[in-house]
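What follows is the content of upload_9.txt, which has compact mmCIF, C-alpha atoms:
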# COMPACT_ATOMS: atom_id res chain seq x y z
CA MET W 1 -12.50 20.14 -3.58
CA ASP W 2 -9.32 21.97 -4.55
CA LYS W 3 -7.97 21.57 -1.03
CA LEU W 4 -8.63 17.80 -1.18
CA ARG W 5 -6.84 17.61 -4.51
CA ARG W 6 -3.85 19.51 -3.11
CA VAL W 7 -3.64 17.29 -0.04
CA LEU W 8 -3.93 14.03 -2.00
CA SER W 9 -1.43 15.17 -4.60
CA GLY W 10 0.97 16.30 -1.87
CA ASP W 11 0.93 19.93 -2.95
CA ASP W 12 0.88 21.60 0.47
CA ARG W 13 2.82 24.70 -0.59
CA THR W 14 1.37 28.14 -0.91
CA PRO W 15 1.54 29.99 -4.24
CA GLU W 16 4.11 32.41 -2.85
CA GLU W 17 6.63 29.67 -2.05
CA GLU W 18 9.72 29.30 -4.18
CA SER W 19 9.64 26.26 -6.40
CA SER W 20 12.68 24.03 -6.60
CA ILE W 21 13.84 22.11 -9.64
CA ILE W 22 12.14 18.93 -8.38
CA THR W 23 8.88 20.83 -7.84
CA GLN W 24 9.09 22.31 -11.34
CA ILE W 25 9.73 18.86 -12.88
CA ASN W 26 6.89 17.41 -10.84
CA ASP W 27 4.55 20.20 -11.95
CA MET W 28 5.42 19.62 -15.61
CA SER W 29 4.83 15.87 -15.41
CA THR W 30 1.66 15.74 -13.35
CA LEU W 31 -1.45 14.00 -14.54
CA SER W 32 -4.89 15.57 -14.55
CA TRP W 33 -7.12 14.87 -11.57
CA SER W 34 -9.47 12.64 -13.57
CA THR W 35 -6.52 10.64 -14.95
CA ARG W 36 -5.18 10.18 -11.42
CA ILE W 37 -8.54 8.89 -10.19
CA LYS W 38 -8.86 6.53 -13.17
CA GLY W 39 -5.31 5.22 -12.66
CA PHE W 40 -5.92 4.69 -8.96
CA CYS W 41 -9.20 2.84 -9.55
CA ILE W 42 -7.75 0.63 -12.29
CA CYS W 43 -4.69 -0.34 -10.23
CA PHE W 44 -6.67 -0.84 -7.03
CA VAL W 45 -9.30 -3.02 -8.71
CA LEU W 46 -6.59 -4.96 -10.59
CA GLY W 47 -4.83 -5.60 -7.28
CA ILE W 48 -8.01 -6.88 -5.66
CA VAL W 49 -8.79 -9.08 -8.68
CA LEU W 50 -5.28 -10.60 -8.62
CA SER W 51 -5.57 -11.31 -4.89
CA LEU W 52 -8.97 -12.93 -5.41
CA LEU W 53 -7.65 -14.99 -8.34
CA GLY W 54 -4.85 -16.21 -6.12
CA SER W 55 -7.35 -17.21 -3.45
CA ILE W 56 -9.50 -19.01 -6.01
CA ALA W 57 -6.41 -20.81 -7.34
CA LEU W 58 -5.64 -22.01 -3.81
CA PHE W 59 -9.14 -23.43 -3.39
CA LEU W 60 -8.95 -25.07 -6.82
CA HIS W 61 -5.75 -26.80 -5.68
CA ARG W 62 -3.52 -25.03 -8.24
CA GLY W 63 -0.73 -24.80 -5.72
CA ILE W 64 0.66 -22.49 -3.13
CA VAL W 65 3.08 -20.88 -5.60
CA VAL W 66 0.26 -19.59 -7.84
CA PHE W 67 -1.61 -18.34 -4.79
CA ALA W 68 1.43 -16.60 -3.30
CA VAL W 69 2.43 -14.93 -6.55
CA PHE W 70 -1.07 -13.66 -7.39
CA TYR W 71 -1.82 -12.59 -3.82
CA THR W 72 1.49 -10.76 -3.41
CA LEU W 73 1.26 -9.05 -6.80
CA GLY W 74 -2.29 -8.01 -5.96
CA ASN W 75 -1.19 -6.44 -2.69
CA LEU W 76 1.76 -4.73 -4.36
CA ILE W 77 -0.38 -3.26 -7.15
CA SER W 78 -3.06 -2.14 -4.68
CA MET W 79 -0.42 -0.48 -2.52
CA THR W 80 1.20 1.34 -5.42
CA SER W 81 -2.17 2.52 -6.75
CA THR W 82 -1.99 5.41 -4.28
CA CYS W 83 0.97 6.74 -6.26
CA PHE W 84 -1.60 8.04 -8.74
CA LEU W 85 -3.26 10.10 -6.02
CA MET W 86 -0.18 11.44 -4.24
CA GLY W 87 2.58 11.01 -6.78
CA PRO W 88 5.42 8.52 -6.42
CA PHE W 89 7.86 10.82 -4.59
CA ASN W 90 5.27 11.96 -2.06
CA GLN W 91 4.05 8.38 -1.61
CA LEU W 92 7.58 7.15 -0.87
CA LYS W 93 8.15 10.03 1.52
CA LYS W 94 4.95 9.19 3.40
CA MET W 95 5.66 5.46 3.37
CA PHE W 96 9.00 5.96 5.09
CA SER W 97 7.88 8.63 7.55
CA ASP W 98 8.44 7.95 11.24
CA THR W 99 4.86 6.82 11.84
CA ARG W 100 4.91 4.25 9.02
CA LEU W 101 8.55 3.16 8.83
CA ILE W 102 8.21 -0.10 10.76
CA ALA W 103 4.95 -1.07 9.06
CA THR W 104 6.41 -0.31 5.63
CA CYS W 105 9.53 -2.38 6.31
CA ILE W 106 7.45 -5.32 7.54
CA VAL W 107 5.18 -5.09 4.47
CA ILE W 108 8.14 -5.07 2.08
CA PHE W 109 9.89 -7.86 4.00
CA SER W 110 6.77 -10.03 4.02
CA LEU W 111 6.11 -9.44 0.30
CA ILE W 112 9.64 -10.57 -0.55
CA MET W 113 9.67 -13.49 1.89
CA THR W 114 6.29 -14.75 0.66
CA LEU W 115 7.65 -15.02 -2.86
CA ILE W 116 10.93 -16.60 -1.69
CA ALA W 117 9.13 -19.16 0.50
CA ALA W 118 6.78 -20.11 -2.33
CA ILE W 119 8.98 -19.96 -5.43
CA VAL W 120 12.50 -20.71 -4.16
CA LEU W 121 12.00 -22.79 -1.01
CA HIS W 122 8.71 -24.52 -1.98
CA LYS W 123 7.53 -24.46 1.66
CA PRO W 124 3.71 -24.16 1.79
CA GLY W 125 3.55 -23.73 5.58
CA LEU W 126 6.15 -20.98 5.61
CA THR W 127 4.45 -19.32 2.65
CA LEU W 128 1.13 -19.24 4.49
CA ILE W 129 2.82 -17.75 7.57
CA PHE W 130 4.31 -14.96 5.45
CA ILE W 131 0.95 -14.37 3.75
CA ILE W 132 -0.67 -13.94 7.17
CA VAL W 133 2.14 -11.56 8.21
CA GLN W 134 1.70 -9.74 4.88
CA SER W 135 -2.04 -9.31 5.44
CA LEU W 136 -1.62 -8.07 9.00
CA ALA W 137 1.20 -5.71 8.01
CA MET W 138 -0.81 -4.31 5.08
CA THR W 139 -3.77 -3.74 7.41
CA TRP W 140 -1.60 -1.97 10.00
CA TYR W 141 0.07 0.09 7.26
CA SER W 142 -3.31 1.08 5.80
CA LEU W 143 -4.64 2.05 9.22
CA SER W 144 -1.78 4.54 9.55
CA TYR W 145 -3.47 6.73 6.93
CA ILE W 146 -6.70 6.99 8.96
CA PRO W 147 -6.43 9.42 11.88
CA TYR W 148 -6.60 7.65 15.27
CA ALA W 149 -7.38 4.27 13.66
CA ARG W 150 -4.33 2.55 15.11
CA ASP W 151 -5.15 3.84 18.59
CA ALA W 152 -8.73 2.58 18.26
CA VAL W 153 -7.51 -0.87 17.17
CA ARG W 154 -4.99 -1.00 20.03
CA LYS W 155 -7.68 -0.10 22.58
CA THR W 156 -10.15 -2.58 21.11
CA VAL W 157 -7.64 -5.43 21.11
CA SER W 158 -6.42 -4.64 24.62
CA SER W 159 -9.98 -4.49 25.94
CA CYS W 160 -10.77 -7.84 24.26
CA LEU W 161 -7.66 -9.41 25.79
CA ASP W 162 -8.45 -8.07 29.30
CA VAL W 163 -10.95 -10.67 30.31
Would you give me this structure, written as structure tokens?
Amino acid sequence: MDKLRRVLSGDDRTPEEESSIITQINDMSTLSWSTRIKGFCICFVLGIVLSLLGSIALFLHRGIVVFAVFYTLGNLISMTSTCFLMGPFNQLKKMFSDTRLIATCIVIFSLIMTLIAAIVLHKPGLTLIFIIVQSLAMTWYSLSYIPYARDAVRKTVSSCLDV
């Protein structure tokens, strides 16, 4: 269990390693493991609830702007909930690693463009396109954390397309 905690918190160093100033600051400001789990669960559930509320608002004809804002905020909160598990610096480092760079940029771009299309431009069709892009990008980004998941999805899609 300690190894899992070290991996999720991003603490891959051995006890003998020198600690830098950033490591010392990070060690002084870390949350307990139970607090991290609680924070993750609260943020993740809140993100899902906001996304669902946005979907319900769309079906209740409350407008595309309400849907886009709630759905995007829900995705953003769910995505940042992992900061409780890994820490914000480690999360950012992993988000912008070579394997996730393109997916992260597309997620951020689609989050911003969804809000712009809904709030500034008032274009429902464009907003829905960006929400679809946002959902696909979030899925692809999330799959990058599961070993070999992207390869399995690629093979499955390619085998489905080869008729």
Determine the axis-aligned bounding box of all atoms of stretch 145-161 of chain W present in the file, pad each side by 5 Å, and express its centre and edge lengths in Å to one decimal place as AutoDock Vina command-line options.
--center_x -7.1 --center_y 0.0 --center_z 16.4 --size_x 17.3 --size_y 28.8 --size_z 29.0
> Could you work out how far atom CA of W:Met113 lies from atom CA of W:Phe67, giving the answer in Å with one decimal?
Replying inline: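 A separation of 14.0 Å between them.
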> Of the residues W:Thr30, W:Thr104, W:Asn75, W:Ser159, which is the one nearest to W:Pro88, using all atoms listed in the file?
Replying inline: W:Thr30
> Can you list, as number ranges by chain, every protein, DNA or RNA residue that comes within 10 Å of W:Arg150 when you count all atoms listed in the file, leaving out same-chain residues fewer than 6 positions away?
Replying inline: W: 139-144, 156
> In terms of the shortest atom-to-atom distance over all atoms listed in the file, which of W:Leu161, W:Val65, W:Leu136, W:Ala149 is closest to W:Ala103?
Replying inline: W:Leu136
> Excluding same-chain residues fewer than 4 positions from W:Gly63, what lies within 12 Å of it counting only C-alpha atoms, as a ChimeraX atom specification?
Replying inline: /W:54-59,67-70,118-119,122-124,127-128
Expected file: the selected residues, C-alpha atoms, as a JSON list (two decimals), in the frame of the given file:
[["chain", "number", "residue", "atom", "x", "y", "z"],
["W", 54, "GLY", "CA", -4.85, -16.21, -6.12],
["W", 55, "SER", "CA", -7.35, -17.21, -3.45],
["W", 56, "ILE", "CA", -9.50, -19.01, -6.01],
["W", 57, "ALA", "CA", -6.41, -20.81, -7.34],
["W", 58, "LEU", "CA", -5.64, -22.01, -3.81],
["W", 59, "PHE", "CA", -9.14, -23.43, -3.39],
["W", 67, "PHE", "CA", -1.61, -18.34, -4.79],
["W", 68, "ALA", "CA", 1.43, -16.60, -3.30],
["W", 69, "VAL", "CA", 2.43, -14.93, -6.55],
["W", 70, "PHE", "CA", -1.07, -13.66, -7.39],
["W", 118, "ALA", "CA", 6.78, -20.11, -2.33],
["W", 119, "ILE", "CA", 8.98, -19.96, -5.43],
["W", 122, "HIS", "CA", 8.71, -24.52, -1.98],
["W", 123, "LYS", "CA", 7.53, -24.46, 1.66],
["W", 124, "PRO", "CA", 3.71, -24.16, 1.79],
["W", 127, "THR", "CA", 4.45, -19.32, 2.65],
["W", 128, "LEU", "CA", 1.13, -19.24, 4.49]]
> Distance atom CA of W:Ile37-atom CA of W:Ser81, one decimal place?
Replying inline: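 Answer for the atom CA of W:Ile37 to atom CA of W:Ser81 separation: 9.6 Å.
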> Using all atoms listed in the file, which residue out of W:Phe84, W:Pro147, W:Met79, W:Ile131 lies closest to W:Arg36?
Replying inline: W:Phe84
> Interatomic distance between atom CA of W:Gly47 and atom CA of W:Tyr71?
Replying inline: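 Rounded to one decimal, the two atoms are 8.4 Å apart.
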Tell me which protein, DNA and RNA residues are within 9 Å of W:Leu111, counting only C-alpha atoms, leaving out same-chain ones fewer than 2 positions away, and put them as an mmCIF file with C-alpha atoms, in the frame of the given file.
data_model
loop_
_atom_site.group_PDB
_atom_site.id
_atom_site.type_symbol
_atom_site.label_atom_id
_atom_site.label_comp_id
_atom_site.auth_asym_id
_atom_site.auth_seq_id
_atom_site.Cartn_x
_atom_site.Cartn_y
_atom_site.Cartn_z
ATOM 1 C CA THR W 72 1.490 -10.760 -3.410
ATOM 2 C CA LEU W 73 1.260 -9.050 -6.800
ATOM 3 C CA ASN W 75 -1.190 -6.440 -2.690
ATOM 4 C CA LEU W 76 1.760 -4.730 -4.360
ATOM 5 C CA ILE W 106 7.450 -5.320 7.540
ATOM 6 C CA VAL W 107 5.180 -5.090 4.470
ATOM 7 C CA ILE W 108 8.140 -5.070 2.080
ATOM 8 C CA PHE W 109 9.890 -7.860 4.000
ATOM 9 C CA MET W 113 9.670 -13.490 1.890
ATOM 10 C CA THR W 114 6.290 -14.750 0.660
ATOM 11 C CA LEU W 115 7.650 -15.020 -2.860
ATOM 12 C CA ILE W 116 10.930 -16.600 -1.690
ATOM 13 C CA PHE W 130 4.310 -14.960 5.450
ATOM 14 C CA ILE W 131 0.950 -14.370 3.750
ATOM 15 C CA GLN W 134 1.700 -9.740 4.880
#
> From the set W:Ser51, W:Arg100, W:Cys43, W:Ile129, which residue has the shortest atom-to-atom contact distance to W:Ile146, counting only C-alpha atoms?
Replying inline: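 That would be W:Arg100, the residue with the smallest distance to W:Ile146.
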> Which residue gives the smallest distance to W:Thr80 among W:Leu92, W:Leu121, W:Leu101, W:Ile132, with all atoms listed in the file counted?
Replying inline: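 Looking at the shortest contact to W:Thr80, the residue is W:Leu92.
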> Using all atoms listed in the file, what residues lie at most 12 Å away from (-1.9, 9.5, -6.8) (file coordinates), given as a VMD selection string?
Replying inline: chain W and resid 5 to 11 30 to 44 78 to 92
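Each of W:Ala152, W:Val120, W:Val45, W:Ile102 was compared to W:Met138 using only C-alpha atoms, and W:Ile102 turns out to be the nearest.
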